[in-house]
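Contents: one structure, followed by commentary.
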Amino acid sequence: MADQAIEVSALSYSYGDIKAVDGVSFSVAPGEILGFLGPNGAGKSTTIKMLTGQLQPESGSIRILGMSHADQREHIQAKMGVCFEEKNLYEAMSGEENLRFFASLFGIKGVDTDQMLRRVGLGDRAGDRVAKYSKGMRQRLMMARTLVNSPDVLFLDEPTDGLDPVSAKAIRMLIQQEAERGAAVLLTTHDMHEADELSDRVAFISEGRLHAVDAPENLKLQFGERSVKVRVRTGDGVDERAIALDDSSAADFLKSAVESDGLMTIHTEEATLEAIFIEMTGRGLEG
Amino acid sequence: MSRPVSHATVIAAIVRKDLAEYGRDRLWTFLTVLVIIVVVALFWILPDDVEESINAGISGLEPTALVTLDESEEGVLPISFESEQDLRSVVAGDAQAWSTGGRTLVVAEGAEPPPGGERVDVSIGLAFPPDFVEATSAGRATDVTVYVDGAVPDEIENAMASLVREIAFGVTGEPLPVANDGVGETFVVLGEDRAGNQVSAREGFRPIFVFLILMMEMFVMASLIAKEIQDRTVTAVLVTPATVGDVLAAKGIAGALSGLVQAVIVLLAINSLSPQPLLILTLMLLGSVMISGTAMLAGSSGKDFMSTLFYGMAYMVPLLIPAFAALFPGTASGWVRALPSFPLVQGLVDVTTYGAGWSETMGELSALLAWCVGLFALGFVVLRRKVESL
């Protein structure tokens, strides 16, 4: 098996004169979650379409589990799971029937749909038609469908977009469990908190180009300030100070603040992923 | 390296899913069942007999002459009138003719009909002069007035002229003097002579009914295809080991299977699967495949239910024309014969109505097969492009 589950090199694609993806290169290791961060129209979905075989790259190369789409498309697709942004489920069929149908496309017989549906919290709605499902339930069923073949590679396109906090948390938990199982996960999102919480590494994409691929902590350290903000209650109010960690007096000040009765809060001053994204690309993650 | 999942497994899974979806679509299921019931009911309601004779009103001839006419002229039913005036008023629609007690009574339009009388429609009248028998026997020229209703076609008018000669011959035993002596009349029937083998309304509508079932199938399949594209469920299928070819082959098989089964149900219900069941099934199978190809075109064109319905109608109207042309044998012009559905309709008519066999329908089968391949390939390419563009 290849060291990297997903290997992308100099990938490009254009819609007419518009360059949607421009020379993108990255890799994802087994068990790793790579957060693909970028605003709408940045090139995230086009990249996923090329990786899942829906679009033919204009140039560049893709290797999934050491195989290429050109000659081993069916073998790649047998080992990957894709969760689309749009809820493309068969609404006239039940959740259970949707899973059975997709399992049969992978040649899987006797799939335990009950267990899969229980895993996404739909155990008691297995026989209901999807048309009766709420948005959150549909998204959870999409995740169950994505996992129906126990994939080695997962492509998740905005899996928690527009969901209530409970559904979103359930899906994030599933993603982490799949990564722990050993699946490589490419997660596209424009939710920086989600990317920060889930991703081992994040990739910033804007206008079709990758601006950075690194662990969130590294990016925060690189772009953030080494300082803490300390708030201490004084006799006639609140004293708020930013303490540079490289300052020689910082240690003494913090020690005395901690030992005093008036300490209210200490906050690190690291940069958020969104702030780093804006600094690197010149635009925000929304819109 | 072999495929992780065989094409057959994938196609079978999609066919099962498509048929299950079809069965759960209440609107299309209801419409399908409704059309089958209506078609079968209409078929059995339509008359199965053919009125092959024409009533010809006669005045001025003795009943013995009419007996001669009755025996000699097939398809002409002579109705005797007492006077030319009566005959004229009946043909003109100013009076009605009623048959009672072996006589023909003429009553004014709107007047009380005779008790126990039976209404007789007369749209052609032959008024013979009082000296007709003497004149024709002596070889003298004489005039017979032919009254025809405005709706009677020219061909019938000409036939009446021949009938007068026939009567003259029957009455006198001599032919009428003719100016072009020595010139005979030769009739050459081009194509199959259907004379005396007329098609009843029930038989005439049979191909239309069967074709309606296939058309219904086209709407259903087009709707399912359009929905799959619109909901992008096909995209989810195409990121599994299923290929575009698998999806399209499954659509074609599901459509053809469903259309064939429904057509066979209707054919059985209208007792039309004999005397050549295998040949009829072959025609229906090819027809179903052709319709599936058309459904792919309509389904690729439509974006929602209404636009799919619109495109379905746009494809359906030209395909229905040959079925209606079959109501009037021999009337199909060149462009109608060029339509894809013509060989299917003609083949059905030839087999179910005239008892044609494999050899007689080989031309229709070949043309239908060619259209099947062409339309299915076209539908396949158009749908593939549509799916790939999603």
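Chain labels follow the order of the structure tokens: the first chain is A, the next B, and so on; residue numbering restarts at 1 in every chain, and ligands are counted from 1 in their shown order.
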### Message
Using only C-alpha atoms, I'd like every residue of chain B that has an atom within 12 Å of chain A; please write them out as an NGL selection string.
### Response
:B and (1-26 or 224 or 227-244 or 246-247 or 387-390)
### Task
With a distance cut-off of 10 Å and only C-alpha atoms, select the neighbouring residues of A:Ala275, excluding the residue or stretch itself and same-chain residues fewer than 2 positions from it, and output the selection as a ChimeraX atom specification.
/A:192,220,223-224,271-273,277-280,282-285
Output all heavy atoms for every residue in the selection just made, as a short mmCIF file (atom, residue, chain, number, x, y, z; two decimals), in the first residue's frame.
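And here's again-v9.cif as it stands now:
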```cif
data_model
loop_
_atom_site.label_atom_id
_atom_site.label_comp_id
_atom_site.auth_asym_id
_atom_site.auth_seq_id
_atom_site.Cartn_x
_atom_site.Cartn_y
_atom_site.Cartn_z
N MET A 192 -14.22 27.51 9.76
CA MET A 192 -12.86 27.43 10.32
C MET A 192 -12.82 26.68 11.66
O MET A 192 -11.85 26.01 11.97
CB MET A 192 -12.28 28.83 10.51
CG MET A 192 -13.09 29.66 11.46
SD MET A 192 -12.19 31.12 11.94
CE MET A 192 -13.34 31.85 13.07
N LYS A 220 -0.93 28.74 13.24
CA LYS A 220 -1.24 29.71 14.30
C LYS A 220 0.03 30.28 14.92
O LYS A 220 0.12 31.48 15.20
CB LYS A 220 -2.09 29.04 15.39
CG LYS A 220 -3.51 28.77 14.95
CD LYS A 220 -4.22 27.97 16.04
CE LYS A 220 -5.55 27.45 15.56
NZ LYS A 220 -6.15 26.54 16.55
N PHE A 223 1.70 32.60 12.28
CA PHE A 223 1.06 33.88 11.99
C PHE A 223 0.55 34.60 13.24
O PHE A 223 0.20 35.77 13.18
CB PHE A 223 -0.10 33.68 11.00
CG PHE A 223 0.39 33.36 9.61
CD1 PHE A 223 0.62 32.04 9.23
CD2 PHE A 223 0.64 34.37 8.71
CE1 PHE A 223 1.07 31.74 7.97
CE2 PHE A 223 1.10 34.08 7.43
CZ PHE A 223 1.32 32.75 7.06
N GLY A 224 0.47 33.89 14.37
CA GLY A 224 -0.05 34.54 15.57
C GLY A 224 1.05 35.24 16.36
O GLY A 224 2.22 35.20 16.00
N ALA A 271 -3.40 33.49 16.47
CA ALA A 271 -4.29 33.92 15.39
C ALA A 271 -5.33 32.84 15.11
O ALA A 271 -5.07 31.66 15.34
CB ALA A 271 -3.48 34.18 14.12
N THR A 272 -6.52 33.24 14.66
CA THR A 272 -7.51 32.26 14.22
C THR A 272 -7.18 31.83 12.79
O THR A 272 -6.49 32.55 12.05
CB THR A 272 -8.93 32.85 14.23
OG1 THR A 272 -8.96 33.91 13.28
CG2 THR A 272 -9.30 33.35 15.61
N LEU A 273 -7.71 30.66 12.40
CA LEU A 273 -7.47 30.21 11.02
C LEU A 273 -8.03 31.21 10.01
O LEU A 273 -7.45 31.43 8.95
CB LEU A 273 -8.11 28.83 10.79
CG LEU A 273 -7.38 27.64 11.42
CD1 LEU A 273 -8.13 26.35 11.11
CD2 LEU A 273 -5.96 27.54 10.90
N PHE A 277 -6.09 32.94 7.10
CA PHE A 277 -6.53 32.80 5.72
C PHE A 277 -6.62 34.17 5.04
O PHE A 277 -6.15 34.36 3.91
CB PHE A 277 -7.91 32.11 5.69
CG PHE A 277 -8.37 31.76 4.31
CD1 PHE A 277 -8.10 30.51 3.76
CD2 PHE A 277 -9.07 32.67 3.52
CE1 PHE A 277 -8.51 30.18 2.48
CE2 PHE A 277 -9.48 32.35 2.24
CZ PHE A 277 -9.20 31.09 1.72
N ILE A 278 -7.20 35.13 5.75
CA ILE A 278 -7.35 36.47 5.19
C ILE A 278 -5.97 37.09 4.93
O ILE A 278 -5.72 37.69 3.89
CB ILE A 278 -8.18 37.37 6.13
CG1 ILE A 278 -9.64 36.86 6.14
CG2 ILE A 278 -8.14 38.82 5.69
CD1 ILE A 278 -10.50 37.49 7.25
N GLU A 279 -5.10 36.88 5.87
CA GLU A 279 -3.75 37.45 5.71
C GLU A 279 -3.03 36.84 4.51
O GLU A 279 -2.34 37.52 3.77
CB GLU A 279 -2.94 37.21 6.98
CG GLU A 279 -1.62 37.96 6.98
CD GLU A 279 -0.90 37.86 8.33
OE1 GLU A 279 -1.59 37.71 9.35
OE2 GLU A 279 0.34 37.94 8.33
N MET A 280 -3.23 35.52 4.32
CA MET A 280 -2.51 34.85 3.22
C MET A 280 -3.15 35.06 1.85
O MET A 280 -2.47 35.15 0.84
CB MET A 280 -2.42 33.35 3.49
CG MET A 280 -1.56 33.01 4.70
SD MET A 280 -1.40 31.24 4.90
CE MET A 280 -0.16 30.90 3.69
N GLY A 282 -5.89 37.34 1.18
CA GLY A 282 -6.46 38.66 0.93
C GLY A 282 -7.97 38.66 0.88
O GLY A 282 -8.59 39.65 0.52
N ARG A 283 -8.62 37.52 1.21
CA ARG A 283 -10.09 37.48 1.24
C ARG A 283 -10.57 36.54 2.34
O ARG A 283 -9.82 35.69 2.80
CB ARG A 283 -10.67 37.08 -0.12
CG ARG A 283 -10.17 35.77 -0.63
CD ARG A 283 -10.80 35.44 -1.97
NE ARG A 283 -12.26 35.33 -1.87
CZ ARG A 283 -13.03 34.82 -2.82
NH1 ARG A 283 -12.49 34.40 -3.95
NH2 ARG A 283 -14.32 34.75 -2.66
N GLY A 284 -11.85 36.70 2.72
CA GLY A 284 -12.40 35.91 3.81
C GLY A 284 -12.89 34.55 3.35
O GLY A 284 -12.90 34.24 2.16
N LEU A 285 -13.33 33.73 4.34
CA LEU A 285 -13.82 32.38 4.03
C LEU A 285 -15.29 32.36 3.64
O LEU A 285 -15.76 31.41 3.02
CB LEU A 285 -13.61 31.47 5.25
CG LEU A 285 -12.19 30.99 5.48
CD1 LEU A 285 -12.05 30.40 6.86
CD2 LEU A 285 -11.81 29.97 4.43
#
```
### Task
Considering only C-alpha atoms, return as an MDAnalysis selection string whatever protein or nucleic-acid residues lie within 8 Å of stretch 37-40 of chain B, sequence-local ones (same chain, fewer than 6 positions apart) excluded.
chainID B and resid 209 266 269:270
Write the residues of the selection above to a file with all heavy atoms, as a tab-separated table (two decimals), in the first residue's frame.
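Just written: out04.tsv:
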```tsv
chain	number	residue	atom	x	y	z
B	209	PHE	N	-53.91	1.76	-29.67
B	209	PHE	CA	-54.00	1.40	-28.25
B	209	PHE	C	-52.67	0.86	-27.74
B	209	PHE	O	-52.19	1.26	-26.67
B	209	PHE	CB	-55.10	0.37	-28.03
B	209	PHE	CG	-56.48	0.93	-28.22
B	209	PHE	CD1	-57.54	0.11	-28.57
B	209	PHE	CD2	-56.73	2.27	-28.03
B	209	PHE	CE1	-58.81	0.61	-28.74
B	209	PHE	CE2	-58.01	2.80	-28.19
B	209	PHE	CZ	-59.05	1.96	-28.54
B	266	VAL	N	-51.80	-5.72	-22.20
B	266	VAL	CA	-52.87	-5.15	-23.03
B	266	VAL	C	-53.19	-6.08	-24.21
B	266	VAL	O	-54.36	-6.33	-24.52
B	266	VAL	CB	-52.47	-3.74	-23.52
B	266	VAL	CG1	-53.42	-3.25	-24.61
B	266	VAL	CG2	-52.48	-2.77	-22.36
B	269	ALA	N	-55.21	-8.85	-22.97
B	269	ALA	CA	-56.55	-8.42	-22.59
B	269	ALA	C	-57.43	-8.13	-23.80
B	269	ALA	O	-58.65	-8.25	-23.72
B	269	ALA	CB	-56.46	-7.18	-21.70
B	270	ILE	N	-56.81	-7.75	-24.91
B	270	ILE	CA	-57.62	-7.47	-26.11
B	270	ILE	C	-57.51	-8.63	-27.10
B	270	ILE	O	-57.85	-8.48	-28.27
B	270	ILE	CB	-57.23	-6.12	-26.78
B	270	ILE	CG1	-55.79	-6.15	-27.30
B	270	ILE	CG2	-57.42	-4.98	-25.81
B	270	ILE	CD1	-55.39	-4.89	-28.03
```
### Message
For a test of reading the model, state the distance in Å between atom CA of A:Gly60 and atom CA of A:Glu7, rounded to one decimal.
### Response
10.7 Å
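With only C-alpha atoms as the atoms that count, the residue of B:Ala222, B:Val76, B:Val264, B:Asp86 with the shortest distance to B:Ser59 is B:Asp86.
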Hey, what's within 6 Å of stretch 294-298 of chain B if we count only C-alpha atoms and toss same-chain stuff fewer than 4 positions away? As an mmCIF file with C-alpha atoms, in the first residue's frame, please?
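File produced: selection-v6.cif:
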```cif
data_model
loop_
_atom_site.group_PDB
_atom_site.id
_atom_site.type_symbol
_atom_site.label_atom_id
_atom_site.label_comp_id
_atom_site.auth_asym_id
_atom_site.auth_seq_id
_atom_site.Cartn_x
_atom_site.Cartn_y
_atom_site.Cartn_z
ATOM 1 C CA MET B 218 -41.936 6.810 -22.519
ATOM 2 C CA MET B 221 -39.068 6.614 -18.077
ATOM 3 C CA ALA B 222 -38.382 10.190 -19.204
ATOM 4 C CA TYR B 311 -40.521 17.331 -24.392
ATOM 5 C CA GLY B 312 -42.313 13.999 -24.047
ATOM 6 C CA GLY B 379 -30.505 8.711 -26.460
#
```
#### Entry: Spatial neighbours of A:Glu225, max dist 12 Å, only C-alpha atoms, sep filter under 6 positions, as a PyMOL selection string
chain A and resi 219+242-246+267-272+276
### Query
Counting only C-alpha atoms, what is within 7 Å of A:Gly38, bar same-chain residues fewer than 3 positions away, as a list in words?
Ala42, Lys44, Thr189, His190, Phe204, Ile205, Ser206 and Leu285 of chain A
Could you write those residues out with C-alpha atoms, as a PDB file, in the first residue's frame?
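Contents of again03.pdb, freshly written:
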```pdb
ATOM      1  CA  ALA A  42     -12.380  28.802  -4.504  1.00  0.00           C
ATOM      2  CA  LYS A  44     -12.760  23.019  -3.512  1.00  0.00           C
ATOM      3  CA  THR A 189     -15.438  23.337   4.501  1.00  0.00           C
ATOM      4  CA  HIS A 190     -15.603  27.048   4.954  1.00  0.00           C
ATOM      5  CA  PHE A 204      -5.975  27.057   2.176  1.00  0.00           C
ATOM      6  CA  ILE A 205      -7.357  27.358  -1.340  1.00  0.00           C
ATOM      7  CA  SER A 206      -8.430  30.573  -3.005  1.00  0.00           C
ATOM      8  CA  LEU A 285     -13.817  32.381   4.029  1.00  0.00           C
TER       9      LEU A 285
END
```
### Task
Quick one: everything within 10 Å of A:Arg201, counting only C-alpha atoms, minus sequence neighbours fewer than 3 positions away in the same chain. Send it as a ChimeraX atom specification.
/A:28,32-36,195-196,198,212-219
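Atom CA of A:Asp124 is positioned 26.5 Å from atom CA of A:Ala179.
Distances to B:Leu339 were evaluated for B:Thr361, B:Leu327, B:Leu267, B:Ala370 using only C-alpha atoms, and the minimum falls at B:Ala370.
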### Task
Select from stretch 22-191 of chain A everything DSSP, run on the backbone, classes as strand (DSSP E or B), then give the selection as a PyMOL selection string.
chain A and resi 22-28+33-37+59-64+67+80-83+94+129+153-157+184-189
Write the selection just made, keeping N, CA, C and O atoms, as a CSV table (one decimal), in the first residue's frame?
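Below is the file part.csv, written as the result:
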```
chain,number,residue,atom,x,y,z
A,22,ASP,N,-5.7,25.6,-10.2
A,22,ASP,CA,-4.5,26.0,-10.9
A,22,ASP,C,-3.3,25.4,-10.2
A,22,ASP,O,-2.8,26.0,-9.2
A,23,GLY,N,-2.8,24.3,-10.7
A,23,GLY,CA,-1.6,23.7,-10.2
A,23,GLY,C,-1.6,23.3,-8.8
A,23,GLY,O,-0.6,23.5,-8.0
A,24,VAL,N,-2.6,22.7,-8.3
A,24,VAL,CA,-2.8,22.3,-6.9
A,24,VAL,C,-2.0,21.0,-6.6
A,24,VAL,O,-2.1,20.0,-7.4
A,25,SER,N,-1.2,20.9,-5.5
A,25,SER,CA,-0.5,19.7,-5.1
A,25,SER,C,-0.7,19.5,-3.6
A,25,SER,O,-0.5,20.5,-2.9
A,26,PHE,N,-1.0,18.3,-3.2
A,26,PHE,CA,-1.0,18.0,-1.8
A,26,PHE,C,-1.1,16.5,-1.6
A,26,PHE,O,-1.3,15.8,-2.6
A,27,SER,N,-1.1,16.0,-0.4
A,27,SER,CA,-1.2,14.6,-0.2
A,27,SER,C,-1.9,14.4,1.2
A,27,SER,O,-1.9,15.3,2.0
A,28,VAL,N,-2.6,13.2,1.3
A,28,VAL,CA,-3.2,12.9,2.6
A,28,VAL,C,-2.8,11.5,2.9
A,28,VAL,O,-3.0,10.6,2.1
A,33,ILE,N,-6.8,13.6,8.6
A,33,ILE,CA,-7.9,14.5,8.1
A,33,ILE,C,-7.3,15.7,7.6
A,33,ILE,O,-6.6,16.5,8.3
A,34,LEU,N,-7.5,16.0,6.3
A,34,LEU,CA,-7.0,17.2,5.7
A,34,LEU,C,-8.2,18.2,5.5
A,34,LEU,O,-9.1,17.8,4.7
A,35,GLY,N,-8.2,19.3,6.1
A,35,GLY,CA,-9.3,20.3,6.0
A,35,GLY,C,-9.0,21.1,4.8
A,35,GLY,O,-7.9,21.8,4.7
A,36,PHE,N,-9.9,21.2,3.8
A,36,PHE,CA,-9.7,22.0,2.6
A,36,PHE,C,-10.5,23.2,2.8
A,36,PHE,O,-11.7,23.2,2.6
A,37,LEU,N,-9.8,24.3,3.1
A,37,LEU,CA,-10.5,25.5,3.5
A,37,LEU,C,-10.5,26.6,2.4
A,37,LEU,O,-9.5,26.8,1.8
A,59,SER,N,-4.8,19.0,-16.5
A,59,SER,CA,-3.4,18.6,-16.4
A,59,SER,C,-3.1,18.2,-14.9
A,59,SER,O,-3.9,18.4,-14.0
A,60,GLY,N,-2.0,17.6,-14.7
A,60,GLY,CA,-1.6,17.1,-13.4
A,60,GLY,C,-1.9,15.6,-13.2
A,60,GLY,O,-2.5,15.0,-14.1
A,61,SER,N,-1.6,15.1,-12.0
A,61,SER,CA,-1.8,13.7,-11.8
A,61,SER,C,-2.5,13.5,-10.4
A,61,SER,O,-2.3,14.3,-9.5
A,62,ILE,N,-3.3,12.4,-10.3
A,62,ILE,CA,-4.0,12.0,-9.1
A,62,ILE,C,-3.7,10.6,-8.9
A,62,ILE,O,-3.8,9.7,-9.8
A,63,ARG,N,-3.3,10.2,-7.7
A,63,ARG,CA,-3.2,8.8,-7.3
A,63,ARG,C,-3.9,8.6,-6.0
A,63,ARG,O,-3.7,9.3,-5.0
A,64,ILE,N,-4.8,7.7,-6.0
A,64,ILE,CA,-5.6,7.3,-4.8
A,64,ILE,C,-5.2,5.9,-4.5
A,64,ILE,O,-5.4,5.0,-5.3
A,67,MET,N,-3.3,4.1,-6.9
A,67,MET,CA,-3.8,3.8,-8.3
A,67,MET,C,-4.3,5.2,-8.9
A,67,MET,O,-4.5,6.1,-8.3
A,80,MET,N,-13.5,4.1,-2.1
A,80,MET,CA,-13.7,5.4,-1.6
A,80,MET,C,-15.2,5.7,-1.2
A,80,MET,O,-16.1,5.0,-1.7
A,81,GLY,N,-15.4,6.7,-0.4
A,81,GLY,CA,-16.7,7.1,0.0
A,81,GLY,C,-16.8,8.6,-0.3
A,81,GLY,O,-15.9,9.4,0.0
A,82,VAL,N,-17.9,9.1,-0.8
A,82,VAL,CA,-18.1,10.5,-1.2
A,82,VAL,C,-19.4,11.0,-0.5
A,82,VAL,O,-20.4,10.4,-0.7
A,83,CYS,N,-19.2,12.1,0.2
A,83,CYS,CA,-20.4,12.8,0.8
A,83,CYS,C,-20.6,14.1,0.0
A,83,CYS,O,-19.7,15.0,0.1
A,94,SER,N,-36.8,4.2,1.4
A,94,SER,CA,-36.5,4.4,2.8
A,94,SER,C,-34.9,4.6,3.0
A,94,SER,O,-34.2,4.3,2.1
A,129,ARG,N,-39.6,6.7,4.5
A,129,ARG,CA,-39.1,7.3,3.3
A,129,ARG,C,-38.3,8.5,3.5
A,129,ARG,O,-38.6,9.3,4.4
A,153,VAL,N,-10.7,5.8,1.7
A,153,VAL,CA,-10.5,7.2,1.4
A,153,VAL,C,-11.9,7.9,1.5
A,153,VAL,O,-12.9,7.4,0.9
A,154,LEU,N,-12.0,9.0,2.2
A,154,LEU,CA,-13.3,9.7,2.3
A,154,LEU,C,-13.2,11.1,1.7
A,154,LEU,O,-12.2,11.8,2.1
A,155,PHE,N,-14.1,11.4,0.8
A,155,PHE,CA,-14.2,12.8,0.3
A,155,PHE,C,-15.5,13.4,0.9
A,155,PHE,O,-16.6,13.0,0.5
A,156,LEU,N,-15.3,14.4,1.7
A,156,LEU,CA,-16.5,15.0,2.4
A,156,LEU,C,-16.6,16.4,2.0
A,156,LEU,O,-15.8,17.2,2.4
A,157,ASP,N,-17.7,16.7,1.2
A,157,ASP,CA,-17.9,18.1,0.7
A,157,ASP,C,-18.9,18.8,1.6
A,157,ASP,O,-20.1,18.6,1.5
A,184,ALA,N,-8.3,7.8,5.1
A,184,ALA,CA,-7.8,9.2,4.8
A,184,ALA,C,-9.0,10.0,4.5
A,184,ALA,O,-9.9,9.6,3.8
A,185,VAL,N,-9.0,11.2,5.1
A,185,VAL,CA,-10.2,12.1,4.9
A,185,VAL,C,-9.8,13.4,4.3
A,185,VAL,O,-9.0,14.1,4.8
A,186,LEU,N,-10.5,13.8,3.2
A,186,LEU,CA,-10.4,15.1,2.6
A,186,LEU,C,-11.7,15.8,2.9
A,186,LEU,O,-12.7,15.4,2.4
A,187,LEU,N,-11.6,16.8,3.8
A,187,LEU,CA,-12.8,17.5,4.2
A,187,LEU,C,-12.8,18.9,3.7
A,187,LEU,O,-12.0,19.7,4.1
A,188,THR,N,-13.8,19.2,2.8
A,188,THR,CA,-13.9,20.6,2.4
A,188,THR,C,-14.9,21.4,3.3
A,188,THR,O,-15.9,20.8,3.6
A,189,THR,N,-14.5,22.6,3.6
A,189,THR,CA,-15.4,23.3,4.5
A,189,THR,C,-15.1,24.8,4.4
A,189,THR,O,-13.9,25.1,4.0
```
### Query
For A:Ala144, which residue among A:Ala203, A:Leu163, A:Leu99, A:Ile6 is the nearest when counting only C-alpha atoms?
A:Leu99
### Task
Write down as an NGL selection string the residues belonging to stretch 15-262 of chain A that are assigned helix (DSSP H, G or I) by DSSP computed on the backbone.
:A and (44-51 or 69-78 or 95-105 or 113-119 or 123-125 or 130-132 or 135-146 or 165-181 or 192-198 or 216-223 or 250-259)
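The two atoms in question, atom CA of A:Arg233 and atom CA of A:Met264, are spaced 6.6 Å apart.
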